[in-house]
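Here's the structure, in structure tokens; my notes come after.
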Amino acid sequence: MIAVASDHAGLPLKLEIIKLLEERGLEYRDYGTYTTESCDYPQFGEAAARAVASGECDRGLLFCGTGIGISLSANKVRGIRCAVCSEPYSARMSRLHNNANMLALGARVVGTDLARMIVETWLDAEFEGGRHSRRVDMITAMEEK
Ligand code: RB5
């Protein structure tokens, strides 16, 4: 199950990526927003992040104007590693090396086709573990301090 969420600025791109998830037969839950009325990204970033952190969803996709505000919000939730990516290389590496469980995209930064490529790359990539586990564990340990 993939969590998706956006603010008003990210909504159009979220709807495009939902089409991609449907094409791929992937289940998703949309944690809002559902209209283009101006709203506050932390509310929606937090809702999707809590769904991922609780295990209700496996991974999450977030959208705002830049991808920054909503990723900062998600990263405040314990257990969340959200990467903002504007190209596929970073998206892939965020899975392979950082075990990112959420990906944030800027609807005002990337076009639809590039966003689709970034999301597909991210969904298909798996964490490599090994030495990277130690580093990711160090990030997790910071949450206990
Ligand atoms: C909304 O105007 C915009 O600030 C928001 O979508 C996001 O880009 C913030 O980081």
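Each chain in the structure tokens gets a letter, A, B and so on, in the order shown; residues start at 1 in every chain, and ligands are counted from 1 in the order they appear.
Taking only C-alpha atoms and all ligand atoms into account, ligand 1 has within 7 Å the residues Asp7, His8, Ala9, Gly10, Tyr41, Cys64, Gly65, Thr66, Gly67, Ile68, Gly69, Ile70 and Gly106 of chain A.
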Given the selection you just returned, output its residues as a file containing N, CA and C atoms, formatted as an mmCIF file, in the first residue's frame.
```cif
data_model
loop_
_atom_site.group_PDB
_atom_site.id
_atom_site.type_symbol
_atom_site.label_atom_id
_atom_site.label_comp_id
_atom_site.auth_asym_id
_atom_site.auth_seq_id
_atom_site.Cartn_x
_atom_site.Cartn_y
_atom_site.Cartn_z
ATOM 1 N N ASP A 7 -0.217 19.114 -0.938
ATOM 2 C CA ASP A 7 -0.978 20.336 -0.673
ATOM 3 C C ASP A 7 -1.619 20.750 -1.999
ATOM 4 N N HIS A 8 -2.185 21.955 -2.035
ATOM 5 C CA HIS A 8 -2.871 22.408 -3.255
ATOM 6 C C HIS A 8 -1.909 22.496 -4.438
ATOM 7 N N ALA A 9 -0.659 22.933 -4.176
ATOM 8 C CA ALA A 9 0.312 23.097 -5.264
ATOM 9 C C ALA A 9 0.734 21.753 -5.847
ATOM 10 N N GLY A 10 0.759 20.755 -5.006
ATOM 11 C CA GLY A 10 1.188 19.428 -5.457
ATOM 12 C C GLY A 10 0.063 18.574 -6.015
ATOM 13 N N TYR A 41 0.763 22.433 3.893
ATOM 14 C CA TYR A 41 1.385 21.123 3.591
ATOM 15 C C TYR A 41 1.724 20.276 4.830
ATOM 16 N N CYS A 64 4.362 18.800 -3.125
ATOM 17 C CA CYS A 64 3.982 20.186 -2.866
ATOM 18 C C CYS A 64 4.623 21.012 -3.978
ATOM 19 N N GLY A 65 4.716 22.320 -3.818
ATOM 20 C CA GLY A 65 5.258 23.128 -4.902
ATOM 21 C C GLY A 65 6.697 22.756 -5.231
ATOM 22 N N THR A 66 7.516 22.677 -4.171
ATOM 23 C CA THR A 66 8.932 22.342 -4.355
ATOM 24 C C THR A 66 9.267 20.922 -3.908
ATOM 25 N N GLY A 67 8.403 20.317 -3.124
ATOM 26 C CA GLY A 67 8.702 19.033 -2.483
ATOM 27 C C GLY A 67 9.395 19.230 -1.140
ATOM 28 N N ILE A 68 9.812 20.450 -0.875
ATOM 29 C CA ILE A 68 10.630 20.692 0.322
ATOM 30 C C ILE A 68 9.777 20.746 1.599
ATOM 31 N N GLY A 69 8.775 21.598 1.601
ATOM 32 C CA GLY A 69 7.982 21.773 2.827
ATOM 33 C C GLY A 69 7.335 20.477 3.292
ATOM 34 N N ILE A 70 6.795 19.745 2.348
ATOM 35 C CA ILE A 70 6.083 18.518 2.731
ATOM 36 C C ILE A 70 7.074 17.430 3.161
ATOM 37 N N GLY A 106 8.479 18.041 -6.305
ATOM 38 C CA GLY A 106 7.987 19.409 -6.445
ATOM 39 C C GLY A 106 7.217 19.568 -7.747
#
```
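Interatomic distance, CA of Leu96 (chain A) against CA of Cys57 (chain A): 19.6 Å.
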Next on the checklist: Going by DSSP on the backbone, which residues of region 5-42 of chain A come out as strand (DSSP E)? List them as a count of residues only.
Outcome noted: 5
Of A:Leu20, A:Asp137, A:Ala91, A:Ala5, the one sitting nearest Ser73 (chain A) when using only C-alpha atoms is A:Ala5
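Excluding Leu13 (chain A) itself and same-chain residues fewer than 4 positions from it, the residues having an atom within 9 Å of it are Ser6, Ala9, Ile17, Ile18, Phe63, Cys64, Leu105, Gly106, Ala107, Gly111, Thr112 and Ala115 of chain A, counting only C-alpha atoms.
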List as a PyMOL selection string the protein and nucleic acid residues near Ala51 (chain A), meaning an atom at most 12 Å away when only C-alpha atoms are counted, but skip any in the same chain fewer than 2 places from it. chain A and resi 1-5+28-31+44-49+53-61+74+77-80+101-102
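Considering only C-alpha atoms, the residue among A:Ile139, A:Ala125, A:Leu62, A:Met117 positioned nearest to Leu103 (chain A) is A:Leu62.
Put simply, CA of Arg95 (chain A) is 11.1 Å away from CA of Val136 (chain A).
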